[in-house]
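Colleague: Structure file input27.cif, mmCIF, C-alpha atoms, is pasted below:
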```cif
data_coords
loop_
_atom_site.group_PDB
_atom_site.id
_atom_site.type_symbol
_atom_site.label_atom_id
_atom_site.label_comp_id
_atom_site.auth_asym_id
_atom_site.auth_seq_id
_atom_site.Cartn_x
_atom_site.Cartn_y
_atom_site.Cartn_z
ATOM 1 C CA MET A 1 35.591 -56.463 6.567
ATOM 2 C CA ASN A 2 35.802 -57.185 2.837
ATOM 3 C CA LYS A 3 34.476 -54.867 0.103
ATOM 4 C CA PHE A 4 31.270 -56.879 -0.499
ATOM 5 C CA SER A 5 30.341 -56.843 3.208
ATOM 6 C CA LEU A 6 30.924 -53.095 3.263
ATOM 7 C CA TYR A 7 28.622 -52.608 0.272
ATOM 8 C CA VAL A 8 25.868 -54.672 1.902
ATOM 9 C CA LEU A 9 26.221 -52.730 5.164
ATOM 10 C CA LEU A 10 26.001 -49.400 3.357
ATOM 11 C CA ILE A 11 22.919 -50.478 1.406
ATOM 12 C CA LEU A 12 21.146 -51.613 4.584
ATOM 13 C CA LEU A 13 22.102 -48.352 6.295
ATOM 14 C CA TYR A 14 20.774 -46.350 3.335
ATOM 15 C CA LEU A 15 17.470 -48.221 3.315
ATOM 16 C CA GLY A 16 17.049 -47.686 7.046
ATOM 17 C CA ILE A 17 17.715 -43.944 6.788
ATOM 18 C CA SER A 18 15.416 -43.451 3.778
ATOM 19 C CA LYS A 19 12.628 -45.331 5.566
ATOM 20 C CA SER A 20 13.061 -43.323 8.769
ATOM 21 C CA PHE A 21 12.658 -40.021 6.893
ATOM 22 C CA SER A 22 9.621 -41.118 4.872
ATOM 23 C CA PRO A 23 6.092 -40.177 6.091
ATOM 24 C CA SER A 24 4.719 -42.595 8.672
ATOM 25 C CA GLU A 25 2.627 -45.203 6.900
ATOM 26 C CA LYS A 26 0.686 -46.004 10.042
ATOM 27 C CA LYS A 27 -0.548 -42.415 10.392
ATOM 28 C CA THR A 28 -1.441 -41.912 6.735
ATOM 29 C CA ILE A 29 -4.798 -42.837 5.206
ATOM 30 C CA TYR A 30 -4.434 -45.660 2.694
ATOM 31 C CA ILE A 31 -6.358 -46.050 -0.579
ATOM 32 C CA PRO A 32 -5.864 -49.375 -2.396
ATOM 33 C CA ASN A 33 -8.341 -48.556 -5.188
ATOM 34 C CA ALA A 34 -11.180 -46.199 -6.158
ATOM 35 C CA ASN A 35 -13.724 -48.146 -4.112
ATOM 36 C CA ALA A 36 -12.178 -46.735 -0.915
ATOM 37 C CA PHE A 37 -13.077 -43.105 -1.709
ATOM 38 C CA ALA A 38 -16.686 -43.359 -0.545
ATOM 39 C CA SER A 39 -15.766 -44.437 2.996
ATOM 40 C CA ILE A 40 -13.011 -41.826 3.387
ATOM 41 C CA PHE A 41 -14.560 -38.661 1.959
ATOM 42 C CA LYS A 42 -17.958 -37.727 3.370
ATOM 43 C CA GLY A 43 -20.599 -35.158 2.450
ATOM 44 C CA SER A 44 -22.272 -34.118 -0.773
ATOM 45 C CA PRO A 45 -21.904 -32.668 -3.269
ATOM 46 C CA ILE A 46 -18.192 -33.419 -3.221
ATOM 47 C CA SER A 47 -15.483 -33.871 -5.839
ATOM 48 C CA VAL A 48 -12.004 -35.362 -5.298
ATOM 49 C CA ILE A 49 -9.380 -34.084 -7.755
ATOM 50 C CA LEU A 50 -5.929 -35.616 -8.180
ATOM 51 C CA GLU A 51 -3.430 -32.743 -8.041
ATOM 52 C CA LYS A 52 -0.100 -34.559 -7.946
ATOM 53 C CA GLU A 53 1.589 -37.895 -7.339
ATOM 54 C CA PHE A 54 4.872 -38.665 -5.594
ATOM 55 C CA SER A 55 6.762 -41.500 -3.960
ATOM 56 C CA THR A 56 9.261 -42.009 -1.146
ATOM 57 C CA GLY A 57 11.984 -44.602 -0.717
ATOM 58 C CA ALA A 58 14.602 -45.906 -3.122
ATOM 59 C CA LEU A 59 14.414 -49.672 -3.503
ATOM 60 C CA ILE A 60 11.198 -49.973 -1.489
ATOM 61 C CA LYS A 61 8.824 -47.295 -2.770
ATOM 62 C CA THR A 62 5.734 -45.920 -1.038
ATOM 63 C CA TYR A 63 3.289 -44.112 -3.323
ATOM 64 C CA TYR A 64 1.150 -41.068 -2.552
ATOM 65 C CA HIS A 65 -1.537 -38.905 -4.156
ATOM 66 C CA GLN A 66 -2.295 -35.310 -3.263
ATOM 67 C CA TYR A 67 -6.021 -34.670 -3.551
ATOM 68 C CA GLN A 68 -7.993 -31.446 -3.610
ATOM 69 C CA ILE A 69 -11.433 -31.921 -2.059
ATOM 70 C CA ILE A 70 -14.046 -29.592 -3.524
ATOM 71 C CA HIS A 71 -17.245 -28.907 -1.584
ATOM 72 C CA ALA A 72 -19.934 -26.617 -2.924
ATOM 73 C CA PHE A 73 -20.302 -24.641 0.282
ATOM 74 C CA LYS A 74 -16.858 -24.419 1.897
ATOM 75 C CA ALA A 75 -13.224 -23.854 1.034
ATOM 76 C CA PRO A 76 -11.307 -26.643 -0.745
ATOM 77 C CA GLN A 77 -9.154 -28.989 1.329
ATOM 78 C CA ARG A 78 -5.970 -30.887 0.460
ATOM 79 C CA TYR A 79 -4.791 -34.285 1.655
ATOM 80 C CA ASN A 80 -1.770 -36.480 0.998
ATOM 81 C CA ILE A 81 -2.999 -40.075 0.825
ATOM 82 C CA ARG A 82 -0.934 -43.252 0.655
ATOM 83 C CA ILE A 83 -1.983 -45.451 -2.268
ATOM 84 C CA SER A 84 -1.204 -48.881 -3.671
ATOM 85 C CA ARG A 85 1.289 -49.330 -6.500
ATOM 86 C CA ASP A 86 -1.517 -50.600 -8.760
ATOM 87 C CA PHE A 87 -3.625 -47.494 -8.084
ATOM 88 C CA HIS A 88 -0.569 -45.324 -8.758
ATOM 89 C CA LEU A 89 -0.033 -46.958 -12.151
ATOM 90 C CA GLU A 90 -3.753 -46.859 -12.948
ATOM 91 C CA ASN A 91 -3.846 -43.070 -12.558
ATOM 92 C CA LYS A 92 -0.632 -42.006 -14.284
ATOM 93 C CA LYS A 93 -2.743 -40.255 -16.958
ATOM 94 C CA ASN A 94 -5.159 -38.642 -14.493
ATOM 95 C CA ILE A 95 -3.394 -35.632 -12.967
ATOM 96 C CA GLY A 96 -5.958 -32.827 -12.686
ATOM 97 C CA MET A 97 -8.897 -35.204 -13.091
ATOM 98 C CA SER A 98 -11.821 -35.780 -10.740
ATOM 99 C CA LEU A 99 -11.464 -39.377 -9.513
ATOM 100 C CA PHE A 100 -14.482 -39.432 -7.205
ATOM 101 C CA ARG A 101 -17.800 -37.575 -6.942
ATOM 102 C CA ARG A 102 -20.798 -37.803 -4.652
ATOM 103 C CA PHE A 103 -23.940 -36.085 -5.879
ATOM 104 C CA GLU A 104 -26.566 -34.393 -3.731
ATOM 105 C CA ASN A 105 -28.843 -37.430 -4.025
ATOM 106 C CA GLY A 106 -26.110 -39.653 -2.565
ATOM 107 C CA GLU A 107 -25.107 -41.330 -5.826
ATOM 108 C CA ILE A 108 -21.373 -41.758 -6.372
ATOM 109 C CA SER A 109 -19.084 -42.042 -9.403
ATOM 110 C CA THR A 110 -15.440 -43.114 -9.695
ATOM 111 C CA VAL A 111 -15.069 -42.637 -13.457
ATOM 112 C CA PRO A 112 -12.164 -40.211 -14.138
ATOM 113 C CA LEU A 113 -13.681 -36.992 -15.512
ATOM 114 C CA PRO A 114 -12.495 -33.379 -15.954
ATOM 115 C CA PRO A 115 -12.477 -31.270 -12.759
ATOM 116 C CA GLY A 116 -15.802 -29.607 -11.980
ATOM 117 C CA SER A 117 -17.797 -32.158 -13.939
ATOM 118 C CA ILE A 118 -20.185 -32.707 -11.016
ATOM 119 C CA TYR A 119 -21.376 -29.089 -11.193
ATOM 120 C CA ILE A 120 -21.701 -28.679 -14.973
ATOM 121 C CA GLY A 121 -25.306 -28.894 -16.130
ATOM 122 C CA SER A 122 -26.847 -28.478 -12.678
ATOM 123 C CA PRO A 123 -29.199 -25.438 -12.527
ATOM 124 C CA ALA A 124 -28.254 -24.994 -8.862
ATOM 125 C CA TYR A 125 -24.750 -23.890 -9.885
ATOM 126 C CA GLY A 126 -25.080 -22.298 -13.305
ATOM 127 C CA THR A 127 -26.875 -22.063 -16.618
ATOM 128 C CA TRP A 128 -26.382 -22.655 -20.349
ATOM 129 C CA ARG A 129 -25.951 -19.516 -22.436
ATOM 130 C CA THR A 130 -25.460 -18.913 -26.144
ATOM 131 C CA SER A 131 -22.045 -17.503 -26.994
ATOM 132 C CA ALA A 132 -21.233 -15.049 -29.784
ATOM 133 C CA SER A 133 -20.287 -18.025 -31.978
ATOM 134 C CA GLY A 134 -23.730 -19.555 -31.458
ATOM 135 C CA GLN A 135 -22.517 -22.368 -29.183
ATOM 136 C CA LYS A 136 -24.188 -23.198 -25.890
ATOM 137 C CA VAL A 137 -21.631 -22.698 -23.127
ATOM 138 C CA TRP A 138 -21.758 -23.209 -19.365
ATOM 139 C CA ARG A 139 -21.622 -20.225 -17.003
ATOM 140 C CA PHE A 140 -21.607 -20.509 -13.220
ATOM 141 C CA HIS A 141 -23.883 -18.343 -11.074
ATOM 142 C CA ARG A 142 -22.246 -15.360 -9.386
ATOM 143 C CA THR A 143 -22.039 -17.285 -6.098
ATOM 144 C CA TYR A 144 -19.775 -19.862 -7.749
ATOM 145 C CA LYS A 145 -17.814 -17.531 -10.031
ATOM 146 C CA ASN A 146 -14.530 -18.728 -8.459
ATOM 147 C CA PHE A 147 -15.121 -22.357 -9.488
ATOM 148 C CA PRO A 148 -13.243 -22.134 -12.838
ATOM 149 C CA MET A 149 -10.180 -20.867 -10.954
ATOM 150 C CA ILE A 150 -10.451 -23.636 -8.337
ATOM 151 C CA PHE A 151 -10.782 -26.240 -11.099
ATOM 152 C CA ARG A 152 -7.799 -24.684 -12.944
ATOM 153 C CA TRP A 153 -9.697 -24.382 -16.202
ATOM 154 C CA GLY A 154 -7.723 -21.367 -17.402
ATOM 155 C CA ASP A 155 -9.404 -20.144 -20.598
ATOM 156 C CA PHE A 156 -11.449 -23.340 -20.994
ATOM 157 C CA THR A 157 -15.261 -23.056 -21.041
ATOM 158 C CA PRO A 158 -17.467 -26.188 -21.198
ATOM 159 C CA THR A 159 -19.768 -26.423 -24.190
ATOM 160 C CA TYR A 160 -23.003 -28.378 -24.382
ATOM 161 C CA SER A 161 -21.296 -30.870 -26.712
ATOM 162 C CA PHE A 162 -18.589 -31.384 -24.090
ATOM 163 C CA TYR A 163 -21.241 -31.969 -21.418
ATOM 164 C CA ARG A 164 -23.247 -34.478 -23.483
ATOM 165 C CA LYS A 165 -20.164 -36.527 -24.376
ATOM 166 C CA MET A 166 -19.032 -36.503 -20.741
ATOM 167 C CA ILE A 167 -22.381 -37.771 -19.444
ATOM 168 C CA ALA A 168 -22.567 -40.474 -22.133
ATOM 169 C CA LEU A 169 -19.099 -41.829 -21.312
ATOM 170 C CA GLU A 170 -19.684 -41.688 -17.558
ATOM 171 C CA LYS A 171 -22.726 -43.927 -18.000
ATOM 172 C CA LEU A 172 -20.473 -46.364 -19.853
ATOM 173 C CA ASP A 173 -17.865 -46.220 -17.039
ATOM 174 C CA THR A 174 -15.386 -44.800 -19.541
ATOM 175 C CA PRO A 175 -12.936 -41.978 -18.619
ATOM 176 C CA PHE A 176 -13.445 -38.696 -20.455
ATOM 177 C CA TYR A 177 -10.526 -36.321 -21.066
ATOM 178 C CA GLY A 178 -12.363 -33.703 -23.099
ATOM 179 C CA LEU A 179 -13.462 -33.438 -26.720
ATOM 180 C CA ASN A 180 -9.820 -32.845 -27.690
ATOM 181 C CA ASP A 181 -8.172 -34.608 -24.729
ATOM 182 C CA GLU A 182 -7.612 -31.253 -23.013
ATOM 183 C CA PHE A 183 -7.523 -32.753 -19.527
ATOM 184 C CA GLY A 184 -5.450 -35.320 -17.684
ATOM 185 C CA THR A 185 -1.666 -35.540 -17.330
ATOM 186 C CA ASP A 186 -1.105 -35.130 -21.084
ATOM 187 C CA GLY A 187 -3.907 -32.614 -21.674
ATOM 188 C CA LYS A 188 -3.121 -29.063 -22.755
ATOM 189 C CA VAL A 189 -5.430 -27.400 -20.207
ATOM 190 C CA THR A 190 -4.016 -29.449 -17.326
ATOM 191 C CA GLN A 191 -0.393 -28.979 -18.366
ATOM 192 C CA GLU A 192 -0.777 -25.220 -18.734
ATOM 193 C CA ASN A 193 -2.623 -24.637 -15.465
ATOM 194 C CA TYR A 194 -0.796 -27.182 -13.311
ATOM 195 C CA LYS A 195 2.535 -26.216 -14.909
ATOM 196 C CA LEU A 196 3.410 -29.861 -15.397
ATOM 197 C CA LYS A 197 6.871 -30.695 -16.674
ATOM 198 C CA LYS A 198 7.730 -33.653 -18.814
ATOM 199 C CA ASN A 199 9.635 -36.110 -16.658
ATOM 200 C CA VAL A 200 12.632 -37.847 -18.170
ATOM 201 C CA LYS A 201 12.380 -41.352 -16.798
ATOM 202 C CA ARG A 202 15.650 -42.832 -15.620
ATOM 203 C CA GLU A 203 15.866 -46.284 -14.133
ATOM 204 C CA THR A 204 17.874 -46.543 -10.925
ATOM 205 C CA ASN A 205 19.611 -49.872 -10.515
ATOM 206 C CA PHE A 206 21.674 -51.519 -7.805
ATOM 207 C CA LYS A 207 24.919 -50.401 -9.454
ATOM 208 C CA ASP A 208 23.842 -46.736 -9.416
ATOM 209 C CA ILE A 209 23.123 -46.887 -5.694
ATOM 210 C CA LEU A 210 26.487 -48.496 -4.987
ATOM 211 C CA LYS A 211 28.260 -45.763 -6.939
ATOM 212 C CA LYS A 212 26.391 -43.039 -5.067
ATOM 213 C CA TYR A 213 27.082 -44.327 -1.582
ATOM 214 C CA THR A 214 30.475 -46.058 -2.010
ATOM 215 C CA LYS A 215 32.606 -43.539 -3.853
ATOM 216 C CA ILE A 216 36.282 -44.503 -3.667
ATOM 217 C CA PRO A 217 38.773 -41.609 -4.045
ATOM 218 C CA LYS A 218 41.037 -41.691 -7.074
ATOM 219 C CA TRP A 219 44.689 -41.324 -6.176
ATOM 220 C CA ASP A 220 47.059 -39.392 -8.385
ATOM 221 C CA LEU A 221 49.807 -41.900 -9.062
ATOM 222 C CA LYS A 222 52.114 -39.181 -10.358
ATOM 223 C CA ASN A 223 52.354 -37.645 -6.885
ATOM 224 C CA GLU A 224 53.124 -40.883 -5.111
#
```
Can I see the file as structure tokens?
Modeller:
Amino acid sequence: MNKFSLYVLLILLYLGISKSFSPSEKKTIYIPNANAFASIFKGSPISVILEKEFSTGALIKTYYHQYQIIHAFKAPQRYNIRISRDFHLENKKNIGMSLFRRFENGEISTVPLPPGSIYIGSPAYGTWRTSASGQKVWRFHRTYKNFPMIFRWGDFTPTYSFYRKMIALEKLDTPFYGLNDEFGTDGKVTQENYKLKKNVKRETNFKDILKKYTKIPKWDLKNE
């Protein structure tokens, strides 16, 4: 067997092993785009928040999202969902964002908004109060006092200006990342409370894989 045939055999073996250890695609829910949310996640009110993204495989990648499902009246749930490559790329900036909401009246929204947006401004969940600085800020009722922690707001408190801008952009089908872009993958609030690290992107090419799996020992000619 020549060296090239050996390389090809090792690559095929590597691909087979990596595929066998990846999560089963047949058993995992698949989301090609935001339109699929409504048929997968039932109930209302409900908010689907993107917590993290990851992929499996080397040359043939399979992409996944981890979602936190927030219901008003029961504990949050988490799911790992297989997604399309296009949907993965579309949401690179949306870690920590709400990608889907269904309101109590059955209406739905797939515009990326800050987490908890569905509950801000609704008198069923809280009220507007005037802060010491004179700003109107949102406070949840005692029953929902744990919501800010679930949404990973940290020290952030929504203001009425924040709420008005959010509603205006949602009607225009335009993502809203906060008045100062506090939310999303690059947002300060999200980075602090999700403890996101800046990834150094490194392209893996065919030569790198060959080096990793076909290391040839170096002989010390002086000892021969």
Colleague: Would you mind reading off the distance between CA of Pro114 (chain A) and CA of Pro32 (chain A), one decimal, in Å?
Modeller: 22.0 Å
Colleague: Using all atoms listed in the file, which of the listed residues (A:Met149, A:Ile70, A:Ile108, A:Ile46) sits closest to Glu170 (chain A)?
Modeller: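 Between A:Met149, A:Ile70, A:Ile108, A:Ile46, the residue approaching Glu170 (chain A) most closely is A:Ile108.
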Colleague: Between A:Arg101, A:Lys42, A:Arg142, A:Arg152, single out the one closest to Lys195 (chain A), counting only C-alpha atoms.
Modeller: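 Result for the nearest residue to Lys195 (chain A): A:Arg152.
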Colleague: If we count only C-alpha atoms, what is near Gly121 (chain A) at a cut-off of 10 Å, once residues fewer than 6 positions away on the same chain are taken out, given as number ranges by chain?
Modeller: A: 127-128, 138-140, 158, 160, 163-164, 167
Colleague: Which residue, A:Thr185, A:Ser44, A:Thr157, A:Asn80, has the smallest gap to Ile118 (chain A) when you use all atoms listed in the file?
Modeller: A:Ser44
Colleague: Quick check on the file I pasted: which residues fall under the PyMOL selection byres ((chain A and resi 89) around 12)? Write them as an MDAnalysis selection string.
Modeller: chainID A and resid 32:33 53:55 63:65 83:88 90:95
Colleague: Taking only C-alpha atoms into account, name the residue in A:Arg129, A:His71, A:Arg78, A:Lys145 that is nearest to Leu50 (chain A).
Modeller: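 Checking each of A:Arg129, A:His71, A:Arg78, A:Lys145 against Leu50 (chain A), counting only C-alpha atoms, the winner is A:Arg78.
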Colleague: Record the distance separating CA of Ala132 (chain A) and CA of Thr159 (chain A), expressed in Å with one decimal.
Modeller: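 CA of Thr159 (chain A) lies at a distance of 12.8 Å from CA of Ala132 (chain A).
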Colleague: Figure out the distance between CA of Arg82 (chain A) and CA of Ala38 (chain A), please, to one decimal in Å.
Modeller: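 Interatomic distance here is 15.8 Å.
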Colleague: Starting from the displayed file, determine the output of the PyMOL selection byres ((chain A and resi 171-182) around 10) and express the residue list as a ChimeraX atom specification.
Modeller: /A:93-94,97,99,109-115,153,156,158-159,161-163,165-170,183-191
Colleague: Please report, as lines of an AutoDock Vina configuration file, the centre and edge lengths in Å to one decimal of an axis-aligned box covering all listed atoms of region 152-166 of chain A with 8 Å per side.
Modeller:
```
center_x = -15.5
center_y = -28.3
center_z = -19.8
size_x = 31.5
size_y = 32.4
size_z = 29.8
```
Colleague: Select, from A:Asp155, A:Phe100, A:Gln77, A:Val137, the residue with the minimum atom-to-atom distance to Ala34 (chain A), counting all atoms listed in the file.
Modeller: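 The closest residue to Ala34 (chain A) is A:Phe100.
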Colleague: Would you please work out which residue, of A:Ala72, A:Leu59, A:Ile49, A:Ile150, is nearest to Phe103 (chain A) when using only C-alpha atoms?
Modeller: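 Looking only at the distances to Phe103 (chain A), the closest residue turns out to be A:Ala72.
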